[in-house]
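This is my_file.cif. It holds mmCIF, C-alpha atoms.
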data_protein
loop_
_atom_site.group_PDB
_atom_site.id
_atom_site.type_symbol
_atom_site.label_atom_id
_atom_site.label_comp_id
_atom_site.auth_asym_id
_atom_site.auth_seq_id
_atom_site.Cartn_x
_atom_site.Cartn_y
_atom_site.Cartn_z
ATOM 1 C CA MET S 1 19.500 78.502 -42.502
ATOM 2 C CA SER S 2 21.887 75.559 -42.941
ATOM 3 C CA SER S 3 20.877 72.532 -40.905
ATOM 4 C CA PRO S 4 23.288 70.228 -39.077
ATOM 5 C CA SER S 5 23.479 66.710 -40.458
ATOM 6 C CA ILE S 6 21.004 64.476 -38.629
ATOM 7 C CA GLN S 7 20.503 60.769 -39.266
ATOM 8 C CA TRP S 8 19.132 58.002 -37.087
ATOM 9 C CA TYR S 9 17.599 54.617 -37.742
ATOM 10 C CA PRO S 10 18.147 51.991 -34.996
ATOM 11 C CA GLY S 11 17.649 48.367 -35.910
ATOM 12 C CA HIS S 12 14.737 47.921 -33.509
ATOM 13 C CA ILE S 13 12.817 50.624 -35.381
ATOM 14 C CA ALA S 14 13.289 48.775 -38.693
ATOM 15 C CA LYS S 15 12.042 45.548 -37.121
ATOM 16 C CA ALA S 16 9.067 47.329 -35.541
ATOM 17 C CA GLU S 17 8.139 48.872 -38.896
ATOM 18 C CA ARG S 18 7.921 45.433 -40.507
ATOM 19 C CA SER S 19 5.785 44.132 -37.633
ATOM 20 C CA LEU S 20 3.576 47.223 -37.769
ATOM 21 C CA LYS S 21 2.833 46.719 -41.462
ATOM 22 C CA GLU S 22 1.699 43.184 -40.692
ATOM 23 C CA GLN S 23 -0.502 44.294 -37.793
ATOM 24 C CA LEU S 24 -2.100 47.043 -39.897
ATOM 25 C CA LYS S 25 -3.978 44.315 -41.775
ATOM 26 C CA ARG S 26 -5.959 43.677 -38.564
ATOM 27 C CA VAL S 27 -6.610 47.335 -37.754
ATOM 28 C CA ASP S 28 -9.836 49.282 -38.322
ATOM 29 C CA VAL S 29 -8.740 52.770 -37.249
ATOM 30 C CA VAL S 30 -5.373 54.547 -37.233
ATOM 31 C CA LEU S 31 -4.652 57.192 -34.590
ATOM 32 C CA GLU S 32 -1.824 59.258 -36.049
ATOM 33 C CA VAL S 33 -0.173 61.218 -33.231
ATOM 34 C CA ARG S 34 1.945 64.255 -34.090
ATOM 35 C CA ASP S 35 3.762 66.893 -32.060
ATOM 36 C CA ALA S 36 1.672 70.094 -31.956
ATOM 37 C CA ARG S 37 4.866 72.177 -32.096
ATOM 38 C CA ILE S 38 5.841 70.600 -35.442
ATOM 39 C CA PRO S 39 2.744 69.041 -37.053
ATOM 40 C CA LEU S 40 4.303 68.688 -40.521
ATOM 41 C CA ALA S 41 7.731 67.461 -39.437
ATOM 42 C CA THR S 42 6.131 64.670 -37.390
ATOM 43 C CA HIS S 43 4.143 63.290 -40.321
ATOM 44 C CA HIS S 44 5.783 60.142 -41.690
ATOM 45 C CA PRO S 45 6.050 60.466 -45.504
ATOM 46 C CA GLU S 46 4.928 56.834 -45.973
ATOM 47 C CA MET S 47 1.983 57.072 -43.586
ATOM 48 C CA ASP S 48 -0.664 57.603 -46.280
ATOM 49 C CA GLY S 49 0.509 54.535 -48.163
ATOM 50 C CA TRP S 50 0.463 52.377 -45.028
ATOM 51 C CA ILE S 51 -3.031 53.470 -44.017
ATOM 52 C CA GLY S 52 -4.669 53.224 -47.426
ATOM 53 C CA ASP S 53 -8.444 53.573 -47.104
ATOM 54 C CA LYS S 54 -8.595 52.835 -43.359
ATOM 55 C CA SER S 55 -10.215 55.385 -41.076
ATOM 56 C CA ARG S 56 -7.727 57.883 -39.644
ATOM 57 C CA VAL S 57 -7.943 60.106 -36.563
ATOM 58 C CA LEU S 58 -5.345 62.881 -36.561
ATOM 59 C CA VAL S 59 -4.037 63.850 -33.113
ATOM 60 C CA LEU S 60 -1.815 66.832 -32.271
ATOM 61 C CA ASN S 61 -0.393 66.140 -28.821
ATOM 62 C CA ARG S 62 1.336 68.600 -26.470
ATOM 63 C CA VAL S 63 -1.288 71.268 -27.143
ATOM 64 C CA ASP S 64 -0.250 72.828 -23.809
ATOM 65 C CA MET S 65 3.061 73.806 -25.417
ATOM 66 C CA ILE S 66 1.606 75.992 -28.178
ATOM 67 C CA SER S 67 -0.394 79.218 -28.065
ATOM 68 C CA SER S 68 -4.160 79.307 -28.545
ATOM 69 C CA GLU S 69 -3.580 81.390 -31.697
ATOM 70 C CA ALA S 70 -1.295 78.750 -33.179
ATOM 71 C CA ARG S 71 -3.813 76.042 -32.314
ATOM 72 C CA GLN S 72 -6.582 77.913 -34.126
ATOM 73 C CA VAL S 73 -4.462 78.465 -37.224
ATOM 74 C CA TRP S 74 -3.466 74.796 -37.439
ATOM 75 C CA GLN S 75 -7.040 73.662 -36.805
ATOM 76 C CA THR S 76 -8.262 75.879 -39.631
ATOM 77 C CA TRP S 77 -5.470 74.775 -41.968
ATOM 78 C CA PHE S 78 -6.230 71.089 -41.485
ATOM 79 C CA LYS S 79 -9.983 71.715 -41.846
ATOM 80 C CA VAL S 80 -9.461 73.611 -45.085
ATOM 81 C CA HIS S 81 -7.435 70.667 -46.336
ATOM 82 C CA GLY S 82 -10.118 68.148 -45.438
ATOM 83 C CA GLN S 83 -8.872 66.854 -42.085
ATOM 84 C CA THR S 84 -10.394 67.060 -38.610
ATOM 85 C CA VAL S 85 -7.715 67.365 -35.950
ATOM 86 C CA TYR S 86 -7.942 66.478 -32.257
ATOM 87 C CA PHE S 87 -5.715 68.399 -29.846
ATOM 88 C CA THR S 88 -4.562 66.586 -26.718
ATOM 89 C CA ASN S 89 -2.355 67.008 -23.699
ATOM 90 C CA ALA S 90 -1.728 63.370 -22.808
ATOM 91 C CA LYS S 91 0.277 64.338 -19.741
ATOM 92 C CA GLN S 92 -2.781 65.954 -18.128
ATOM 93 C CA GLY S 93 -5.502 64.073 -20.020
ATOM 94 C CA LYS S 94 -6.875 67.070 -21.914
ATOM 95 C CA GLY S 95 -8.880 66.123 -25.021
ATOM 96 C CA VAL S 96 -8.437 62.382 -24.479
ATOM 97 C CA GLN S 97 -12.129 61.466 -24.123
ATOM 98 C CA ASN S 98 -13.008 63.302 -27.344
ATOM 99 C CA LEU S 99 -10.301 61.276 -29.035
ATOM 100 C CA LEU S 100 -11.696 58.016 -27.678
ATOM 101 C CA ARG S 101 -15.156 58.825 -29.010
ATOM 102 C CA ALA S 102 -13.692 59.730 -32.405
ATOM 103 C CA ALA S 103 -11.877 56.374 -32.587
ATOM 104 C CA GLN S 104 -15.059 54.488 -31.677
ATOM 105 C CA ASP S 105 -17.120 56.424 -34.210
ATOM 106 C CA ALA S 106 -14.532 55.794 -36.926
ATOM 107 C CA GLY S 107 -14.775 52.050 -36.319
ATOM 108 C CA LYS S 108 -18.573 51.790 -36.340
ATOM 109 C CA SER S 109 -18.699 51.075 -40.056
ATOM 110 C CA MET S 110 -16.671 47.901 -39.429
ATOM 111 C CA ASN S 111 -19.306 46.439 -37.116
ATOM 112 C CA GLU S 112 -22.070 47.566 -39.425
ATOM 113 C CA ARG S 113 -20.470 45.489 -42.184
ATOM 114 C CA ARG S 114 -20.125 42.525 -39.818
ATOM 115 C CA LYS S 115 -23.810 42.816 -38.876
ATOM 116 C CA ARG S 116 -24.878 42.762 -42.532
ATOM 117 C CA ARG S 117 -22.887 39.560 -42.977
ATOM 118 C CA GLY S 118 -24.531 37.930 -39.979
ATOM 119 C CA MET S 119 -21.396 38.227 -37.817
ATOM 120 C CA LYS S 120 -21.230 39.285 -34.171
ATOM 121 C CA PRO S 121 -19.769 42.714 -33.329
ATOM 122 C CA ARG S 122 -16.240 42.902 -31.947
ATOM 123 C CA PRO S 123 -14.137 45.647 -30.343
ATOM 124 C CA VAL S 124 -12.820 48.289 -32.710
ATOM 125 C CA ARG S 125 -9.108 47.732 -33.315
ATOM 126 C CA ALA S 126 -7.095 50.928 -33.392
ATOM 127 C CA VAL S 127 -3.365 51.482 -33.731
ATOM 128 C CA VAL S 128 -1.439 54.446 -32.326
ATOM 129 C CA ILE S 129 1.283 55.542 -34.758
ATOM 130 C CA GLY S 130 3.751 58.406 -34.582
ATOM 131 C CA PHE S 131 7.354 59.491 -34.287
ATOM 132 C CA PRO S 132 9.299 58.615 -31.123
ATOM 133 C CA ASN S 133 8.454 60.671 -28.041
ATOM 134 C CA VAL S 134 5.336 62.399 -29.402
ATOM 135 C CA GLY S 135 3.324 61.020 -26.467
ATOM 136 C CA LYS S 136 1.725 57.844 -27.829
ATOM 137 C CA SER S 137 2.214 55.713 -24.708
ATOM 138 C CA ALA S 138 1.135 58.540 -22.388
ATOM 139 C CA LEU S 139 -2.013 58.857 -24.488
ATOM 140 C CA ILE S 140 -2.822 55.155 -24.108
ATOM 141 C CA ASN S 141 -2.265 55.342 -20.350
ATOM 142 C CA ARG S 142 -4.728 58.231 -20.176
ATOM 143 C CA LEU S 143 -7.273 56.313 -22.208
ATOM 144 C CA LEU S 144 -6.924 53.370 -19.839
ATOM 145 C CA LYS S 145 -6.878 55.631 -16.759
ATOM 146 C CA ARG S 146 -3.931 53.638 -15.429
ATOM 147 C CA LYS S 147 -0.271 53.143 -16.328
ATOM 148 C CA VAL S 148 -0.083 50.081 -18.540
ATOM 149 C CA VAL S 149 2.621 51.043 -21.036
ATOM 150 C CA VAL S 150 5.945 52.703 -20.254
ATOM 151 C CA SER S 151 5.924 56.440 -20.890
ATOM 152 C CA GLU S 152 9.023 58.634 -20.608
ATOM 153 C CA ARG S 153 10.159 61.983 -22.016
ATOM 154 C CA ARG S 154 12.774 60.463 -24.285
ATOM 155 C CA ALA S 155 12.770 58.735 -27.645
ATOM 156 C CA GLY S 156 12.855 54.988 -28.188
ATOM 157 C CA VAL S 157 11.220 53.765 -24.947
ATOM 158 C CA THR S 158 8.523 51.630 -26.614
ATOM 159 C CA ARG S 159 10.322 48.772 -28.357
ATOM 160 C CA GLN S 160 7.590 46.235 -29.138
ATOM 161 C CA LEU S 161 4.058 46.233 -30.491
ATOM 162 C CA ARG S 162 1.473 45.492 -27.831
ATOM 163 C CA TRP S 163 -2.317 45.190 -27.898
ATOM 164 C CA VAL S 164 -4.149 46.804 -24.982
ATOM 165 C CA ARG S 165 -7.910 46.567 -24.378
ATOM 166 C CA ILE S 166 -9.348 49.973 -23.526
ATOM 167 C CA SER S 167 -12.913 48.702 -23.026
ATOM 168 C CA ASN S 168 -15.333 46.149 -24.447
ATOM 169 C CA GLU S 169 -15.655 48.482 -27.420
ATOM 170 C CA ILE S 170 -12.071 49.292 -28.391
ATOM 171 C CA GLU S 171 -8.577 47.767 -28.412
ATOM 172 C CA LEU S 172 -5.412 49.768 -29.021
ATOM 173 C CA LEU S 173 -2.079 48.710 -30.476
ATOM 174 C CA ASP S 174 0.839 50.601 -28.932
ATOM 175 C CA ALA S 175 3.652 50.772 -31.489
ATOM 176 C CA PRO S 176 7.257 51.965 -31.225
ATOM 177 C CA GLY S 177 8.025 55.358 -32.713
ATOM 178 C CA ILE S 178 8.539 55.135 -36.467
ATOM 179 C CA ILE S 179 10.786 57.477 -38.435
ATOM 180 C CA PRO S 180 11.740 57.344 -42.134
ATOM 181 C CA LEU S 181 14.622 55.160 -43.298
ATOM 182 C CA LYS S 182 16.435 58.300 -44.368
ATOM 183 C CA LEU S 183 15.827 61.821 -43.059
ATOM 184 C CA ASN S 184 16.238 63.453 -46.455
ATOM 185 C CA ASP S 185 14.665 66.747 -45.386
ATOM 186 C CA GLN S 186 17.250 68.056 -42.953
ATOM 187 C CA GLU S 187 15.169 71.076 -41.932
ATOM 188 C CA MET S 188 12.423 68.693 -40.849
ATOM 189 C CA ALA S 189 15.027 66.518 -39.102
ATOM 190 C CA LEU S 190 16.337 69.567 -37.238
ATOM 191 C CA LYS S 191 12.888 70.265 -35.807
ATOM 192 C CA LEU S 192 12.604 66.632 -34.697
ATOM 193 C CA ALA S 193 15.936 66.940 -32.904
ATOM 194 C CA ILE S 194 15.023 70.237 -31.229
ATOM 195 C CA CYS S 195 11.756 68.763 -29.938
ATOM 196 C CA ASP S 196 13.503 65.562 -28.805
ATOM 197 C CA ASP S 197 11.370 63.478 -31.166
ATOM 198 C CA ILE S 198 14.366 61.417 -32.305
ATOM 199 C CA GLY S 199 17.179 59.912 -30.245
ATOM 200 C CA GLY S 200 20.088 62.054 -29.043
ATOM 201 C CA ALA S 201 22.574 59.817 -30.848
ATOM 202 C CA ALA S 202 21.316 61.242 -34.139
ATOM 203 C CA TYR S 203 22.792 64.711 -33.797
ATOM 204 C CA ASP S 204 25.387 67.068 -32.324
ATOM 205 C CA THR S 205 23.730 68.919 -29.423
ATOM 206 C CA GLN S 206 25.723 72.132 -29.863
ATOM 207 C CA ARG S 207 24.968 72.407 -33.581
ATOM 208 C CA VAL S 208 21.267 71.701 -33.016
ATOM 209 C CA ALA S 209 21.058 74.284 -30.213
ATOM 210 C CA ALA S 210 22.698 76.907 -32.444
ATOM 211 C CA ALA S 211 20.349 76.002 -35.297
ATOM 212 C CA PHE S 212 17.392 76.342 -32.905
ATOM 213 C CA ILE S 213 18.317 79.991 -32.282
ATOM 214 C CA ASP S 214 18.609 80.584 -36.032
ATOM 215 C CA LEU S 215 15.176 79.020 -36.535
ATOM 216 C CA ILE S 216 13.629 81.260 -33.866
ATOM 217 C CA LYS S 217 15.152 84.290 -35.593
ATOM 218 C CA ASP S 218 13.608 83.190 -38.890
ATOM 219 C CA LEU S 219 10.204 82.762 -37.246
ATOM 220 C CA GLU S 220 10.503 86.199 -35.665
ATOM 221 C CA GLN S 221 10.121 87.633 -39.154
ATOM 222 C CA GLN S 222 6.600 86.153 -39.160
ATOM 223 C CA ILE S 223 5.688 86.380 -35.460
ATOM 224 C CA LYS S 224 6.473 89.662 -33.768
ATOM 225 C CA ASP S 225 8.799 89.518 -30.721
ATOM 226 C CA TYR S 226 9.141 85.746 -31.057
ATOM 227 C CA GLY S 227 12.664 85.698 -29.677
ATOM 228 C CA SER S 228 11.813 87.827 -26.634
ATOM 229 C CA ALA S 229 11.073 84.771 -24.452
ATOM 230 C CA ILE S 230 14.613 83.501 -24.971
ATOM 231 C CA ALA S 231 16.145 86.921 -24.376
ATOM 232 C CA THR S 232 14.090 87.319 -21.186
ATOM 233 C CA ARG S 233 14.855 83.828 -19.898
ATOM 234 C CA TYR S 234 18.617 84.305 -20.182
ATOM 235 C CA GLN S 235 18.653 88.085 -19.783
ATOM 236 C CA THR S 236 20.604 88.187 -23.021
ATOM 237 C CA PRO S 237 19.179 89.839 -26.155
ATOM 238 C CA LEU S 238 19.562 88.131 -29.530
ATOM 239 C CA ALA S 239 21.576 91.095 -30.746
ATOM 240 C CA SER S 240 24.782 92.748 -29.551
ATOM 241 C CA ASP S 241 25.029 96.227 -28.007
ATOM 242 C CA THR S 242 25.763 97.582 -31.482
ATOM 243 C CA GLY S 243 22.492 96.147 -32.785
ATOM 244 C CA GLU S 244 24.104 93.363 -34.787
ATOM 245 C CA THR S 245 21.972 90.211 -34.662
ATOM 246 C CA TYR S 246 23.808 87.227 -33.244
ATOM 247 C CA THR S 247 24.086 84.025 -35.219
ATOM 248 C CA GLY S 248 22.893 80.957 -33.359
ATOM 249 C CA GLU S 249 26.473 79.847 -32.862
ATOM 250 C CA THR S 250 27.518 83.225 -31.469
ATOM 251 C CA TYR S 251 24.517 83.404 -29.125
ATOM 252 C CA LEU S 252 25.323 79.945 -27.790
ATOM 253 C CA THR S 253 28.891 81.104 -27.131
ATOM 254 C CA VAL S 254 27.543 84.092 -25.192
ATOM 255 C CA LEU S 255 25.316 81.805 -23.098
ATOM 256 C CA ALA S 256 28.247 79.474 -22.457
ATOM 257 C CA GLN S 257 30.207 82.281 -20.798
ATOM 258 C CA ARG S 258 28.043 81.896 -17.681
ATOM 259 C CA HIS S 259 28.956 78.173 -17.625
ATOM 260 C CA ASN S 260 32.749 78.582 -17.705
ATOM 261 C CA ASP S 261 32.625 78.548 -21.512
ATOM 262 C CA ASP S 262 31.074 75.062 -21.479
ATOM 263 C CA LEU S 263 29.285 75.038 -24.840
ATOM 264 C CA GLU S 264 27.850 71.556 -24.324
ATOM 265 C CA ARG S 265 26.260 72.526 -21.021
ATOM 266 C CA ALA S 266 24.810 75.716 -22.502
ATOM 267 C CA ALA S 267 23.411 73.790 -25.476
ATOM 268 C CA HIS S 268 21.737 71.213 -23.216
ATOM 269 C CA GLN S 269 20.208 73.936 -21.044
ATOM 270 C CA LEU S 270 18.830 75.803 -24.051
ATOM 271 C CA LEU S 271 17.232 72.716 -25.607
ATOM 272 C CA ASN S 272 15.907 71.393 -22.296
ATOM 273 C CA ASP S 273 14.350 74.764 -21.466
ATOM 274 C CA PHE S 274 12.512 74.685 -24.783
ATOM 275 C CA ARG S 275 11.433 71.054 -24.368
ATOM 276 C CA LYS S 276 10.080 71.704 -20.867
ATOM 277 C CA GLY S 277 8.190 74.823 -21.949
ATOM 278 C CA ASN S 278 10.404 77.184 -19.959
ATOM 279 C CA LEU S 279 10.754 79.441 -23.001
ATOM 280 C CA GLY S 280 7.018 79.849 -23.445
ATOM 281 C CA ASN S 281 4.596 78.441 -26.017
ATOM 282 C CA LEU S 282 6.902 78.382 -29.023
ATOM 283 C CA VAL S 283 5.816 76.572 -32.192
ATOM 284 C CA LEU S 284 8.558 75.738 -34.679
ATOM 285 C CA GLU S 285 6.201 75.509 -37.672
ATOM 286 C CA LEU S 286 3.392 77.566 -39.103
ATOM 287 C CA PRO S 287 1.015 76.307 -41.821
ATOM 288 C CA PRO S 288 2.192 76.817 -45.388
ATOM 289 C CA VAL S 289 0.517 79.883 -46.830
ATOM 290 C CA ASP S 290 -1.506 78.796 -49.849
ATOM 291 C CA ALA S 291 -4.489 80.261 -51.638
ATOM 292 C CA LEU S 292 -6.876 78.694 -49.124
ATOM 293 C CA MET S 293 -5.037 79.967 -46.070
ATOM 294 C CA ALA S 294 -3.719 83.371 -47.134
ATOM 295 C CA GLY S 295 -5.849 85.231 -44.622
ATOM 296 C CA GLU S 296 -5.758 82.738 -41.773
ATOM 297 C CA ALA S 297 -2.027 82.619 -41.019
ATOM 298 C CA ALA S 298 -2.007 86.338 -40.313
ATOM 299 C CA THR S 299 -3.651 85.744 -36.950
ATOM 300 C CA VAL S 300 -0.351 84.544 -35.481
ATOM 301 C CA ARG S 301 1.862 86.710 -37.673
ATOM 302 C CA THR S 302 1.078 90.021 -36.066
#
Mind turning this structure into structure tokens?
Amino acid sequence: MSSPSIQWYPGHIAKAERSLKEQLKRVDVVLEVRDARIPLATHHPEMDGWIGDKSRVLVLNRVDMISSEARQVWQTWFKVHGQTVYFTNAKQGKGVQNLLRAAQDAGKSMNERRKRRGMKPRPVRAVVIGFPNVGKSALINRLLKRKVVVSERRAGVTRQLRWVRISNEIELLDAPGIIPLKLNDQEMALKLAICDDIGGAAYDTQRVAAAFIDLIKDLEQQIKDYGSAIATRYQTPLASDTGETYTGETYLTVLAQRHNDDLERAAHQLLNDFRKGNLGNLVLELPPVDALMAGEAATVRT
């Protein structure tokens, strides 16, 4: 599948990245928030270098938008590879308290060191890091049980770093969404665009919508009847009457016929339906199949 060219790096993101690196010196725990629909695509390639040996809590947000089978497979994959993952639905508050306890537990060693040095304990300092629009601010609002930081379903809303006290035991740093300087992996960038995890100025909506259909068709080779939700939603199968499978571009053209051949309108509807969950619990990534996971991935590939 050829991916449309996608590139985006606003100046405020570059400035925020510099500020974030400075603030990381003061942080005890890093909460890395990813999109549960694309857990690998929403991992910043420089994240490990930034964090170093600091404690990390991995969060997959939007768990409500993936199937229970996909959740289990990802949970197993991360466990096999040495990582505990916390699934959350920040919009409804699901899994948030478990996350809070994990952040507090991860920071306990800091106060233990302070105690040994004869210093008084202080609140654990945690930073929330992730790509734009993965739900970081909504997560903080849930932790606080009130709306303190702006949270919207679009990229680039948080523009400045801000410390917020959750309780006497923990403080959180809300950071703007951070994406790489260059999106060298265009297949990863495509998934970010489909999920609305980068700004709309980065891509051509029609090309991304067409590529989304092609991606679903590729996934259907691994997950039976994966494209049926789209076909049912629009009452239009992904293949013609002769059985020939549509390309993404052709399918988008077919959908546009009900909108007076307005391709842009059809593309927006298709992407928005996916982003709102109207097409069902569709993941856009499955764990890589390696020697450790050969048997596990089959649970969602039947």
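Atom pair atom CA of S:Ile38 / atom CA of S:Glu285 has a distance of 5.4 Å (rounded to one decimal).
What separates atom CA of S:Tyr251 from atom CA of S:Ala231 is a distance of 10.2 Å.
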| Residues within 9 Å of S:Arg165, only C-alpha atoms, excluding chain neighbours under 6 positions, as a list in words | Pro123, Leu144, Glu171, Leu172 and Leu173 of chain S
Where does the PyMOL selection byres ((chain S and resi 246) around 12) land in this file, that is, which residues does it pick, as a PDB file with C-alpha atoms, in the frame of the given file?
ATOM      1  CA  ALA S 210      22.698  76.907 -32.444  1.00  0.00           C
ATOM      2  CA  ALA S 211      20.349  76.002 -35.297  1.00  0.00           C
ATOM      3  CA  ILE S 213      18.317  79.991 -32.282  1.00  0.00           C
ATOM      4  CA  ASP S 214      18.609  80.584 -36.032  1.00  0.00           C
ATOM      5  CA  ILE S 216      13.629  81.260 -33.866  1.00  0.00           C
ATOM      6  CA  LYS S 217      15.152  84.290 -35.593  1.00  0.00           C
ATOM      7  CA  GLY S 227      12.664  85.698 -29.677  1.00  0.00           C
ATOM      8  CA  ALA S 231      16.145  86.921 -24.376  1.00  0.00           C
ATOM      9  CA  THR S 236      20.604  88.187 -23.021  1.00  0.00           C
ATOM     10  CA  PRO S 237      19.179  89.839 -26.155  1.00  0.00           C
ATOM     11  CA  LEU S 238      19.562  88.131 -29.530  1.00  0.00           C
ATOM     12  CA  ALA S 239      21.576  91.095 -30.746  1.00  0.00           C
ATOM     13  CA  SER S 240      24.782  92.748 -29.551  1.00  0.00           C
ATOM     14  CA  ASP S 241      25.029  96.227 -28.007  1.00  0.00           C
ATOM     15  CA  THR S 242      25.763  97.582 -31.482  1.00  0.00           C
ATOM     16  CA  GLY S 243      22.492  96.147 -32.785  1.00  0.00           C
ATOM     17  CA  GLU S 244      24.104  93.363 -34.787  1.00  0.00           C
ATOM     18  CA  THR S 245      21.972  90.211 -34.662  1.00  0.00           C
ATOM     19  CA  THR S 247      24.086  84.025 -35.219  1.00  0.00           C
ATOM     20  CA  GLY S 248      22.893  80.957 -33.359  1.00  0.00           C
ATOM     21  CA  GLU S 249      26.473  79.847 -32.862  1.00  0.00           C
ATOM     22  CA  THR S 250      27.518  83.225 -31.469  1.00  0.00           C
ATOM     23  CA  TYR S 251      24.517  83.404 -29.125  1.00  0.00           C
ATOM     24  CA  LEU S 252      25.323  79.945 -27.790  1.00  0.00           C
ATOM     25  CA  THR S 253      28.891  81.104 -27.131  1.00  0.00           C
ATOM     26  CA  VAL S 254      27.543  84.092 -25.192  1.00  0.00           C
ATOM     27  CA  LEU S 255      25.316  81.805 -23.098  1.00  0.00           C
TER      28      LEU S 255
END
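For the structure in this document, the set picked by the PyMOL selection byres ((chain S and resi 279) around 6) is S:Ala229, S:Ile230, S:Phe274, S:Gly277, S:Asn278, S:Gly280.
The two atoms in question, atom CA of S:Thr88 and atom CA of S:Ile178, are spaced 19.9 Å apart.
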Let me know the residues the PyMOL selection byres ((chain S and resi 268) around 12) catches in the file above, as a PDB file with C-alpha atoms, in the frame of the given file.
ATOM      1  CA  ILE S 194      15.023  70.237 -31.229  1.00  0.00           C
ATOM      2  CA  ASP S 196      13.503  65.562 -28.805  1.00  0.00           C
ATOM      3  CA  GLY S 200      20.088  62.054 -29.043  1.00  0.00           C
ATOM      4  CA  ASP S 204      25.387  67.068 -32.324  1.00  0.00           C
ATOM      5  CA  THR S 205      23.730  68.919 -29.423  1.00  0.00           C
ATOM      6  CA  GLN S 206      25.723  72.132 -29.863  1.00  0.00           C
ATOM      7  CA  ARG S 207      24.968  72.407 -33.581  1.00  0.00           C
ATOM      8  CA  VAL S 208      21.267  71.701 -33.016  1.00  0.00           C
ATOM      9  CA  ALA S 209      21.058  74.284 -30.213  1.00  0.00           C
ATOM     10  CA  ALA S 210      22.698  76.907 -32.444  1.00  0.00           C
ATOM     11  CA  PHE S 212      17.392  76.342 -32.905  1.00  0.00           C
ATOM     12  CA  LEU S 252      25.323  79.945 -27.790  1.00  0.00           C
ATOM     13  CA  LEU S 255      25.316  81.805 -23.098  1.00  0.00           C
ATOM     14  CA  ALA S 256      28.247  79.474 -22.457  1.00  0.00           C
ATOM     15  CA  HIS S 259      28.956  78.173 -17.625  1.00  0.00           C
ATOM     16  CA  ASP S 262      31.074  75.062 -21.479  1.00  0.00           C
ATOM     17  CA  LEU S 263      29.285  75.038 -24.840  1.00  0.00           C
ATOM     18  CA  GLU S 264      27.850  71.556 -24.324  1.00  0.00           C
ATOM     19  CA  ARG S 265      26.260  72.526 -21.021  1.00  0.00           C
ATOM     20  CA  ALA S 266      24.810  75.716 -22.502  1.00  0.00           C
ATOM     21  CA  ALA S 267      23.411  73.790 -25.476  1.00  0.00           C
ATOM     22  CA  GLN S 269      20.208  73.936 -21.044  1.00  0.00           C
ATOM     23  CA  LEU S 270      18.830  75.803 -24.051  1.00  0.00           C
ATOM     24  CA  LEU S 271      17.232  72.716 -25.607  1.00  0.00           C
ATOM     25  CA  ASN S 272      15.907  71.393 -22.296  1.00  0.00           C
ATOM     26  CA  ASP S 273      14.350  74.764 -21.466  1.00  0.00           C
ATOM     27  CA  PHE S 274      12.512  74.685 -24.783  1.00  0.00           C
ATOM     28  CA  ARG S 275      11.433  71.054 -24.368  1.00  0.00           C
ATOM     29  CA  LYS S 276      10.080  71.704 -20.867  1.00  0.00           C
TER      30      LYS S 276
END
| Got a sec: who's within 10 Å of S:Arg37, counting all atoms listed in the file, leaving out chain neighbours fewer than 3 positions off, as a VMD selection string? | chain S and resid 34 40 to 42 60 to 67 70 to 71 191 to 192 195 281 to 286
Listed atoms of stretch 133-136 of chain S boxed along x, y and z, 8 Å each side, centre and edge lengths in Å, one decimal, as JSON:
{"center_x": 5.1, "center_y": 60.1, "center_z": -27.9, "size_x": 22.7, "size_y": 20.6, "size_z": 18.9}
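The residue that comes closest to S:Gly49, out of S:Lys21, S:Leu31, S:Leu161, S:Gln104 and on the basis of all atoms listed in the file, is S:Lys21.
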| said: When you count all atoms listed in the file, which of these residues is closest to S:Ile179: S:Val124, S:Leu100, S:Ile166, S:Ile129? | reply: S:Ile129
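Closest to S:Asn141 among S:Asn111, S:Gln92, S:Gln186, S:Gln221 is S:Gln92, based on only C-alpha atoms.
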| Spatial neighbours of S:Ser109, 12 Å, all atoms listed in the file, chain gap at least 5 places, as a list in words | Asp28, Val29, Lys54, Ser55, Ala103, Gln104, Arg114, Lys115, Arg116, Pro121, Arg122 and Val124 of chain S
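In terms of minimum interatomic distance to S:Arg125, S:Met110 ranks closest within S:Ala14, S:Leu99, S:Met110, S:Leu219, counting all atoms listed in the file.
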| message | Nearest residue to S:Val128 out of S:Lys145, S:Lys108, S:Arg162, S:Lys91, using all atoms listed in the file? | response | S:Arg162
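Across S:Ala202, S:Ser19, S:Trp74, S:Ser228, the tightest approach to S:Val289 is made by S:Trp74 when counting only C-alpha atoms.
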| request: Give me the residues within 10 Å of S:Val85 as a ChimeraX atom specification, counting all atoms listed in the file and dropping any in the same chain fewer than 4 places off. | output: /S:57-60,74-79,99
Residue subset to file, keeping C-alpha atoms, as a PDB file, in the coordinates of the input:
ATOM      1  CA  VAL S  57      -7.943  60.106 -36.563  1.00  0.00           C
ATOM      2  CA  LEU S  58      -5.345  62.881 -36.561  1.00  0.00           C
ATOM      3  CA  VAL S  59      -4.037  63.850 -33.113  1.00  0.00           C
ATOM      4  CA  LEU S  60      -1.815  66.832 -32.271  1.00  0.00           C
ATOM      5  CA  TRP S  74      -3.466  74.796 -37.439  1.00  0.00           C
ATOM      6  CA  GLN S  75      -7.040  73.662 -36.805  1.00  0.00           C
ATOM      7  CA  THR S  76      -8.262  75.879 -39.631  1.00  0.00           C
ATOM      8  CA  TRP S  77      -5.470  74.775 -41.968  1.00  0.00           C
ATOM      9  CA  PHE S  78      -6.230  71.089 -41.485  1.00  0.00           C
ATOM     10  CA  LYS S  79      -9.983  71.715 -41.846  1.00  0.00           C
ATOM     11  CA  LEU S  99     -10.301  61.276 -29.035  1.00  0.00           C
TER      12      LEU S  99
END
C-alpha atoms of stretch 277-282 of chain S from block above, as a CSV table (one decimal), in the first residue's frame:
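Dumped everything to selection.csv:
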chain,number,residue,atom,x,y,z
S,277,GLY,CA,-16.4,4.8,16.5
S,278,ASN,CA,-19.3,4.6,14.1
S,279,LEU,CA,-17.5,1.9,12.1
S,280,GLY,CA,-17.1,-0.3,15.1
S,281,ASN,CA,-14.0,-1.2,17.2
S,282,LEU,CA,-11.4,-1.1,14.5
